[in-house]
Amino acid sequence: MKNHIEYNAEVRKALDENRAVVALESTIISHGFNYPENLECARTCEKIIREEGAVPATIGIIPGKIKIGLSDDEIVYFSEHRDVPKCSRRDMAPIIAGGKSYGATTVAATMLCAKLAGISVFATGGIGGVHRGAQQTFDISADLEELAQTAVAVVCAGAKSILDIPLTLEYLETAGVSVLGYQTGEFPSFYIRSSGCAVDYRIENPEEAARIFKTKQELGIKNGVLITVPIPEKDAMDPAYISSCIEDALAQAKKQGIRGKATTPFLLAELHEKTGGKSVAANKALVFNNARVAARIAAALATS
Ligand code: PSU
Ligand code: MN
């Protein structure tokens, strides 16, 4: 049976030797930032993971297959082409079978690919979640369903308050996903460190995260673990300011009738524009911080 996966040599070797590997997504490259910040961000994440002694594996779809560990040229392609389709779980088979298109993998699709490749730790910025107004729109990110069924530890800065955070946490509770706070008791909300919502468990260091993930595996619990890391204090934005920008972005989305998979990229782009780049700086800082924490967790897992 075809497994549809191509590995870069460095990642393949690290996996064979049971060394620390950290997965990274490609939707954040094609749809999360503009060029050239997206390229700089993707390269810097890889560099940070290497500095910590782990191997980065940026994941995306190249024509006809999943690539585990995009080459630098491929990363350049994803950053220069904002028309690469955003690819979640439901898009994987059609895009790969079609054999022609690249695909920028979301958190959900990247988790799926990481699991297929035997990678346990994945760093990103923020996860998708339950959108505000989901009672009417049914807009709930496939990222949550993926966390419900795929055994990967996702390191993120929580979720943006473009989402309904209390409902997102309710969903994760129903799905049986352990939500951990890395040196915090509060679920972080991306640009700011707080959300007013508690996490299930506070952890203090990478070893604790690794121990929890390993225990979950030993117990045969098949779902993911969410490790939430607050943005570093010095990079956090002013809560009142960002919250008013988010309200504006949501109003704009409603006015323009933005729906479905376009919603999250639209809201991100609106925020980037409204804050005149301030949100981009914060976004980069938190992604880099998550990459570092994820590399340390992967290292702790590899030696446990
Ligand atoms: N949240 C962010 N930045 C992002 C995304 C989410 O702060 O780039 C991306 C991730 O790839 C995530 C996807 O998996 O958006 C969620 O999209 P949707 O809400 O359509 O499931
Ligand atoms: Mn959606």
# chains A, B, ... in the order shown; residues from 1 in each chain; ligands from 1
>>> select_by_dssp(residues="region 48-107 of chain A", states="alpha helix (DSSP H)", output="list of chain:residue names")
A:Ile48, A:Ile49, A:Arg50, A:Glu51, A:Asp72, A:Asp73, A:Glu74, A:Ile75, A:Val76, A:Tyr77, A:Phe78, A:Ser79, A:Glu80, A:Arg89, A:Arg90, A:Asp91, A:Met92, A:Ala93, A:Pro94, A:Ile95, A:Ile96, A:Ala97, A:Gly98, A:Val107
>>> residues_around(residues="Ala295 (chain A)", least_positions_apart="3", cutoff="12 Å", atoms="only C-alpha atoms", output="JSON, numbers by chain")
{"A": [19, 20, 21, 22, 23, 24, 45, 46, 47, 48, 49, 50, 51, 52, 53, 54, 55, 56, 57, 119, 120, 121, 122, 123, 124, 153, 154, 155, 206, 207, 209, 210, 288, 289, 290, 291, 292, 298, 299, 300, 301, 302]}
>>> residues_around(residues="region 180-189 of chain A", least_positions_apart="4", cutoff="10 Å", atoms="only C-alpha atoms", output="JSON, numbers by chain")
{"A": [126, 155, 156, 157, 158, 159, 160, 161, 162, 163, 165, 166, 169, 193, 194, 195, 196, 197, 198, 199, 200, 201, 202, 203, 204, 205, 206, 208, 209, 212, 225, 226, 227, 228, 229, 230, 231, 239, 293]}
>>> residues_near_ligand(ligand="ligand 2", cutoff="12 Å", atoms="only C-alpha atoms and all ligand atoms", output="PyMOL selection string")
chain A and resi 86-88+106+108+127-134+137-145+162-163+258-267
>>> residues_around(residues="Arg12 (chain A)", least_positions_apart="5", cutoff="10 Å", atoms="only C-alpha atoms", output="VMD selection string")
chain A and resid 6 to 7 17 to 18 21 57 68 to 69 117
>>> write_last_selection(atoms="all heavy atoms", output="mmCIF file, in the first residue's frame")
data_model
loop_
_atom_site.group_PDB
_atom_site.id
_atom_site.type_symbol
_atom_site.label_atom_id
_atom_site.label_comp_id
_atom_site.auth_asym_id
_atom_site.auth_seq_id
_atom_site.Cartn_x
_atom_site.Cartn_y
_atom_site.Cartn_z
ATOM 1 N N GLU A 6 6.831 11.590 1.647
ATOM 2 C CA GLU A 6 8.262 11.729 1.337
ATOM 3 C C GLU A 6 8.919 12.457 2.509
ATOM 4 O O GLU A 6 8.395 13.445 3.013
ATOM 5 C CB GLU A 6 8.427 12.548 0.049
ATOM 6 C CG GLU A 6 9.872 12.728 -0.351
ATOM 7 C CD GLU A 6 10.001 13.563 -1.630
ATOM 8 O OE1 GLU A 6 9.182 13.394 -2.565
ATOM 9 O OE2 GLU A 6 10.916 14.401 -1.673
ATOM 10 N N TYR A 7 10.071 11.934 2.941
ATOM 11 C CA TYR A 7 10.795 12.552 4.057
ATOM 12 C C TYR A 7 12.030 13.257 3.526
ATOM 13 O O TYR A 7 12.659 12.762 2.597
ATOM 14 C CB TYR A 7 11.300 11.472 5.028
ATOM 15 C CG TYR A 7 10.200 10.723 5.738
ATOM 16 C CD1 TYR A 7 9.575 9.635 5.135
ATOM 17 C CD2 TYR A 7 9.794 11.097 7.006
ATOM 18 C CE1 TYR A 7 8.564 8.940 5.787
ATOM 19 C CE2 TYR A 7 8.787 10.407 7.674
ATOM 20 C CZ TYR A 7 8.184 9.329 7.062
ATOM 21 O OH TYR A 7 7.188 8.641 7.709
ATOM 22 N N GLU A 17 16.791 7.420 14.346
ATOM 23 C CA GLU A 17 17.674 7.387 15.526
ATOM 24 C C GLU A 17 16.944 7.801 16.798
ATOM 25 O O GLU A 17 17.575 8.019 17.831
ATOM 26 C CB GLU A 17 18.874 8.314 15.281
ATOM 27 C CG GLU A 17 19.778 7.802 14.161
ATOM 28 C CD GLU A 17 20.850 8.819 13.744
ATOM 29 O OE1 GLU A 17 20.854 9.957 14.276
ATOM 30 O OE2 GLU A 17 21.679 8.453 12.888
ATOM 31 N N ASN A 18 15.624 7.940 16.709
ATOM 32 C CA ASN A 18 14.823 8.346 17.871
ATOM 33 C C ASN A 18 15.236 9.661 18.481
ATOM 34 O O ASN A 18 15.209 9.836 19.699
ATOM 35 C CB ASN A 18 14.899 7.274 18.960
ATOM 36 C CG ASN A 18 13.721 6.345 18.835
ATOM 37 O OD1 ASN A 18 12.641 6.765 18.434
ATOM 38 N ND2 ASN A 18 13.967 5.082 19.135
ATOM 39 N N VAL A 21 12.346 15.536 17.179
ATOM 40 C CA VAL A 21 11.875 16.175 15.939
ATOM 41 C C VAL A 21 10.649 17.017 16.296
ATOM 42 O O VAL A 21 9.811 16.586 17.098
ATOM 43 C CB VAL A 21 11.487 15.108 14.877
ATOM 44 C CG1 VAL A 21 10.915 15.763 13.628
ATOM 45 C CG2 VAL A 21 12.696 14.231 14.511
ATOM 46 N N ALA A 57 10.726 19.781 11.246
ATOM 47 C CA ALA A 57 10.099 19.148 10.080
ATOM 48 C C ALA A 57 8.897 19.991 9.706
ATOM 49 O O ALA A 57 7.804 19.826 10.265
ATOM 50 C CB ALA A 57 9.682 17.720 10.411
ATOM 51 N N ILE A 68 7.436 15.547 4.579
ATOM 52 C CA ILE A 68 7.800 15.704 5.985
ATOM 53 C C ILE A 68 9.190 16.319 6.002
ATOM 54 O O ILE A 68 10.193 15.636 5.761
ATOM 55 C CB ILE A 68 7.792 14.333 6.713
ATOM 56 C CG1 ILE A 68 6.433 13.631 6.574
ATOM 57 C CG2 ILE A 68 8.177 14.503 8.189
ATOM 58 C CD1 ILE A 68 5.271 14.290 7.282
ATOM 59 N N GLY A 69 9.245 17.610 6.275
ATOM 60 C CA GLY A 69 10.524 18.326 6.226
ATOM 61 C C GLY A 69 10.686 18.995 4.872
ATOM 62 O O GLY A 69 11.448 18.530 4.012
ATOM 63 N N ALA A 117 3.846 10.176 10.272
ATOM 64 C CA ALA A 117 5.308 10.140 10.158
ATOM 65 C C ALA A 117 5.997 9.707 11.453
ATOM 66 O O ALA A 117 7.205 9.511 11.467
ATOM 67 C CB ALA A 117 5.801 11.528 9.745
#
>>> residues_around(residues="Ala151 (chain A)", least_positions_apart="3", cutoff="6 Å", atoms="only C-alpha atoms", output="ChimeraX atom specification")
/A:222-224
>>> closest_residue(among="A:Ile28, A:Ala253, A:Val287, A:Ile246", to="ligand 1", atoms="only C-alpha atoms and all ligand atoms")
A:Ile28
>>> atom_distance(atom1="atom 4 (C, counted along the ligand's line) of ligand 1", atom2="CA of Cys41 (chain A)")
12.7 Å
>>> select_by_dssp(residues="region 163-298 of chain A", states="strand (DSSP E or B)", output="ChimeraX atom specification")
/A:163,178-182,186,189,192,198,201-203,225-228
>>> write_last_selection(atoms="C-alpha atoms", output="compact mmCIF listing (two decimals), in the first residue's frame")
# COMPACT_ATOMS: atom_id res chain seq x y z
CA LEU A 163 -12.79 32.73 18.70
CA SER A 178 -5.90 17.52 28.25
CA VAL A 179 -5.25 21.26 28.14
CA LEU A 180 -2.01 22.13 29.91
CA GLY A 181 -0.73 25.59 30.83
CA TYR A 182 3.01 26.00 30.51
CA GLU A 186 -4.74 30.43 32.66
CA SER A 189 -5.16 34.12 24.26
CA ILE A 192 -2.14 38.53 25.42
CA ALA A 198 -8.47 28.37 33.58
CA TYR A 201 -3.39 21.54 34.57
CA ARG A 202 -0.46 23.84 35.10
CA ILE A 203 2.96 22.45 34.24
CA VAL A 225 -2.58 17.03 24.18
CA LEU A 226 -2.69 20.80 24.03
CA ILE A 227 0.24 22.61 25.63
CA THR A 228 -0.51 26.30 25.89
>>> atom_distance(atom1="CA of Asp164 (chain A)", atom2="atom 19 (O, counted along the ligand's line) of ligand 1")
11.7 Å
>>> closest_residue(among="A:Arg43, A:Lys214, A:His81, A:His31", to="Leu268 (chain A)", atoms="only C-alpha atoms")
A:His31
>>> closest_residue(among="A:Asn3, A:Thr215, A:Thr58, A:Asn34", to="Val280 (chain A)", atoms="only C-alpha atoms")
A:Asn34
>>> closest_residue(among="A:Leu15, A:Ala109, A:Val177, A:Ala93", to="ligand 1", atoms="only C-alpha atoms and all ligand atoms")
A:Ala109
>>> residues_around(residues="Glu80 (chain A)", least_positions_apart="2", cutoff="10 Å", atoms="only C-alpha atoms", output="number ranges by chain")
A: 29-30, 34-36, 38-39, 74-78, 82-84
>>> write_last_selection(atoms="N, CA, C and O atoms", output="PDB file, in the first residue's frame")
ATOM      1  N   ILE A  29       2.442  29.683   6.913  1.00  0.00           N
ATOM      2  CA  ILE A  29       3.339  30.304   5.926  1.00  0.00           C
ATOM      3  C   ILE A  29       2.509  30.938   4.803  1.00  0.00           C
ATOM      4  O   ILE A  29       2.660  32.117   4.504  1.00  0.00           O
ATOM      5  N   SER A  30       1.627  30.157   4.190  1.00  0.00           N
ATOM      6  CA  SER A  30       0.898  30.678   3.027  1.00  0.00           C
ATOM      7  C   SER A  30      -0.266  31.600   3.396  1.00  0.00           C
ATOM      8  O   SER A  30      -0.641  32.457   2.600  1.00  0.00           O
ATOM      9  N   ASN A  34       2.115  37.746   5.757  1.00  0.00           N
ATOM     10  CA  ASN A  34       2.438  38.191   4.390  1.00  0.00           C
ATOM     11  C   ASN A  34       3.884  37.846   4.063  1.00  0.00           C
ATOM     12  O   ASN A  34       4.696  37.605   4.954  1.00  0.00           O
ATOM     13  N   TYR A  35       4.191  37.909   2.769  1.00  0.00           N
ATOM     14  CA  TYR A  35       5.572  37.793   2.321  1.00  0.00           C
ATOM     15  C   TYR A  35       6.251  39.157   2.551  1.00  0.00           C
ATOM     16  O   TYR A  35       5.613  40.186   2.285  1.00  0.00           O
ATOM     17  N   PRO A  36       7.459  39.261   3.025  1.00  0.00           N
ATOM     18  CA  PRO A  36       8.386  38.180   3.324  1.00  0.00           C
ATOM     19  C   PRO A  36       8.431  37.751   4.790  1.00  0.00           C
ATOM     20  O   PRO A  36       9.243  36.919   5.160  1.00  0.00           O
ATOM     21  N   ASN A  38       6.466  35.857   6.315  1.00  0.00           N
ATOM     22  CA  ASN A  38       6.169  34.433   6.425  1.00  0.00           C
ATOM     23  C   ASN A  38       7.430  33.585   6.212  1.00  0.00           C
ATOM     24  O   ASN A  38       7.670  32.616   6.930  1.00  0.00           O
ATOM     25  N   LEU A  39       8.260  34.024   5.272  1.00  0.00           N
ATOM     26  CA  LEU A  39       9.483  33.275   4.994  1.00  0.00           C
ATOM     27  C   LEU A  39      10.459  33.400   6.164  1.00  0.00           C
ATOM     28  O   LEU A  39      11.019  32.407   6.643  1.00  0.00           O
ATOM     29  N   GLU A  74      11.294  24.705  -1.069  1.00  0.00           N
ATOM     30  CA  GLU A  74       9.847  24.472  -0.926  1.00  0.00           C
ATOM     31  C   GLU A  74       9.219  25.483   0.033  1.00  0.00           C
ATOM     32  O   GLU A  74       8.112  25.978  -0.209  1.00  0.00           O
ATOM     33  N   ILE A  75       9.937  25.801   1.096  1.00  0.00           N
ATOM     34  CA  ILE A  75       9.425  26.814   2.038  1.00  0.00           C
ATOM     35  C   ILE A  75       9.287  28.158   1.320  1.00  0.00           C
ATOM     36  O   ILE A  75       8.306  28.877   1.493  1.00  0.00           O
ATOM     37  N   VAL A  76      10.256  28.476   0.465  1.00  0.00           N
ATOM     38  CA  VAL A  76      10.173  29.704  -0.327  1.00  0.00           C
ATOM     39  C   VAL A  76       8.914  29.653  -1.207  1.00  0.00           C
ATOM     40  O   VAL A  76       8.158  30.623  -1.289  1.00  0.00           O
ATOM     41  N   TYR A  77       8.654  28.501  -1.824  1.00  0.00           N
ATOM     42  CA  TYR A  77       7.459  28.366  -2.667  1.00  0.00           C
ATOM     43  C   TYR A  77       6.183  28.657  -1.862  1.00  0.00           C
ATOM     44  O   TYR A  77       5.331  29.442  -2.290  1.00  0.00           O
ATOM     45  N   PHE A  78       6.065  28.045  -0.693  1.00  0.00           N
ATOM     46  CA  PHE A  78       4.863  28.270   0.131  1.00  0.00           C
ATOM     47  C   PHE A  78       4.751  29.731   0.558  1.00  0.00           C
ATOM     48  O   PHE A  78       3.651  30.259   0.698  1.00  0.00           O
ATOM     49  N   ARG A  82       0.577  32.686  -2.026  1.00  0.00           N
ATOM     50  CA  ARG A  82      -0.510  32.731  -1.056  1.00  0.00           C
ATOM     51  C   ARG A  82      -1.763  32.067  -1.609  1.00  0.00           C
ATOM     52  O   ARG A  82      -2.795  31.993  -0.936  1.00  0.00           O
ATOM     53  N   ASP A  83      -1.657  31.567  -2.845  1.00  0.00           N
ATOM     54  CA  ASP A  83      -2.802  30.849  -3.419  1.00  0.00           C
ATOM     55  C   ASP A  83      -2.673  29.332  -3.246  1.00  0.00           C
ATOM     56  O   ASP A  83      -3.495  28.574  -3.757  1.00  0.00           O
ATOM     57  N   VAL A  84      -1.653  28.887  -2.512  1.00  0.00           N
ATOM     58  CA  VAL A  84      -1.601  27.449  -2.211  1.00  0.00           C
ATOM     59  C   VAL A  84      -2.838  27.139  -1.370  1.00  0.00           C
ATOM     60  O   VAL A  84      -3.091  27.824  -0.379  1.00  0.00           O
TER      61      VAL A  84
END
>>> decode(residues="region 120-140 of chain A", atoms="N, CA and C atoms", output="PDB file, in the first residue's frame")
ATOM      1  N   SER A 120       5.834  13.277  17.390  1.00  0.00           N
ATOM      2  CA  SER A 120       4.888  13.470  18.500  1.00  0.00           C
ATOM      3  C   SER A 120       4.678  14.912  18.919  1.00  0.00           C
ATOM      4  N   VAL A 121       5.589  15.812  18.525  1.00  0.00           N
ATOM      5  CA  VAL A 121       5.495  17.191  19.019  1.00  0.00           C
ATOM      6  C   VAL A 121       5.401  18.158  17.839  1.00  0.00           C
ATOM      7  N   PHE A 122       4.508  19.107  17.960  1.00  0.00           N
ATOM      8  CA  PHE A 122       4.192  20.032  16.870  1.00  0.00           C
ATOM      9  C   PHE A 122       4.063  21.439  17.456  1.00  0.00           C
ATOM     10  N   ALA A 123       4.783  22.395  16.873  1.00  0.00           N
ATOM     11  CA  ALA A 123       4.705  23.779  17.345  1.00  0.00           C
ATOM     12  C   ALA A 123       3.951  24.635  16.347  1.00  0.00           C
ATOM     13  N   THR A 124       3.052  25.465  16.865  1.00  0.00           N
ATOM     14  CA  THR A 124       2.349  26.408  16.007  1.00  0.00           C
ATOM     15  C   THR A 124       2.107  27.703  16.770  1.00  0.00           C
ATOM     16  N   GLY A 125       1.324  28.629  16.150  1.00  0.00           N
ATOM     17  CA  GLY A 125       0.995  29.879  16.826  1.00  0.00           C
ATOM     18  C   GLY A 125      -0.241  29.686  17.673  1.00  0.00           C
ATOM     19  N   GLY A 126      -1.376  29.657  16.997  1.00  0.00           N
ATOM     20  CA  GLY A 126      -2.632  29.434  17.704  1.00  0.00           C
ATOM     21  C   GLY A 126      -3.420  28.371  16.986  1.00  0.00           C
ATOM     22  N   ILE A 127      -4.284  27.678  17.698  1.00  0.00           N
ATOM     23  CA  ILE A 127      -5.128  26.673  17.051  1.00  0.00           C
ATOM     24  C   ILE A 127      -6.442  27.316  16.611  1.00  0.00           C
ATOM     25  N   GLY A 128      -7.106  26.669  15.683  1.00  0.00           N
ATOM     26  CA  GLY A 128      -8.465  27.065  15.360  1.00  0.00           C
ATOM     27  C   GLY A 128      -9.372  26.578  16.488  1.00  0.00           C
ATOM     28  N   GLY A 129     -10.590  27.108  16.548  1.00  0.00           N
ATOM     29  CA  GLY A 129     -11.481  26.689  17.631  1.00  0.00           C
ATOM     30  C   GLY A 129     -12.928  26.943  17.273  1.00  0.00           C
ATOM     31  N   VAL A 130     -13.725  27.125  18.301  1.00  0.00           N
ATOM     32  CA  VAL A 130     -15.141  27.424  18.097  1.00  0.00           C
ATOM     33  C   VAL A 130     -15.251  28.921  17.823  1.00  0.00           C
ATOM     34  N   HIS A 131     -15.772  29.268  16.659  1.00  0.00           N
ATOM     35  CA  HIS A 131     -15.904  30.697  16.330  1.00  0.00           C
ATOM     36  C   HIS A 131     -17.035  31.332  17.119  1.00  0.00           C
ATOM     37  N   ARG A 132     -16.896  32.631  17.352  1.00  0.00           N
ATOM     38  CA  ARG A 132     -18.002  33.351  17.988  1.00  0.00           C
ATOM     39  C   ARG A 132     -19.208  33.246  17.062  1.00  0.00           C
ATOM     40  N   GLY A 133     -20.355  33.000  17.634  1.00  0.00           N
ATOM     41  CA  GLY A 133     -21.570  32.858  16.816  1.00  0.00           C
ATOM     42  C   GLY A 133     -21.719  31.456  16.223  1.00  0.00           C
ATOM     43  N   ALA A 134     -20.914  30.509  16.682  1.00  0.00           N
ATOM     44  CA  ALA A 134     -20.973  29.141  16.129  1.00  0.00           C
ATOM     45  C   ALA A 134     -22.345  28.497  16.351  1.00  0.00           C
ATOM     46  N   GLN A 135     -23.069  29.011  17.363  1.00  0.00           N
ATOM     47  CA  GLN A 135     -24.437  28.505  17.595  1.00  0.00           C
ATOM     48  C   GLN A 135     -25.270  28.632  16.320  1.00  0.00           C
ATOM     49  N   GLN A 136     -24.985  29.685  15.525  1.00  0.00           N
ATOM     50  CA  GLN A 136     -25.710  29.872  14.266  1.00  0.00           C
ATOM     51  C   GLN A 136     -24.930  29.315  13.074  1.00  0.00           C
ATOM     52  N   THR A 137     -23.617  29.588  13.039  1.00  0.00           N
ATOM     53  CA  THR A 137     -22.846  29.284  11.826  1.00  0.00           C
ATOM     54  C   THR A 137     -22.322  27.852  11.787  1.00  0.00           C
ATOM     55  N   PHE A 138     -22.273  27.180  12.928  1.00  0.00           N
ATOM     56  CA  PHE A 138     -21.656  25.851  13.038  1.00  0.00           C
ATOM     57  C   PHE A 138     -20.158  25.909  12.752  1.00  0.00           C
ATOM     58  N   ASP A 139     -19.541  27.089  12.796  1.00  0.00           N
ATOM     59  CA  ASP A 139     -18.125  27.170  12.439  1.00  0.00           C
ATOM     60  C   ASP A 139     -17.243  26.762  13.613  1.00  0.00           C
ATOM     61  N   ILE A 140     -16.843  25.508  13.573  1.00  0.00           N
ATOM     62  CA  ILE A 140     -15.948  24.943  14.585  1.00  0.00           C
ATOM     63  C   ILE A 140     -14.768  24.351  13.824  1.00  0.00           C
TER      64      ILE A 140
END
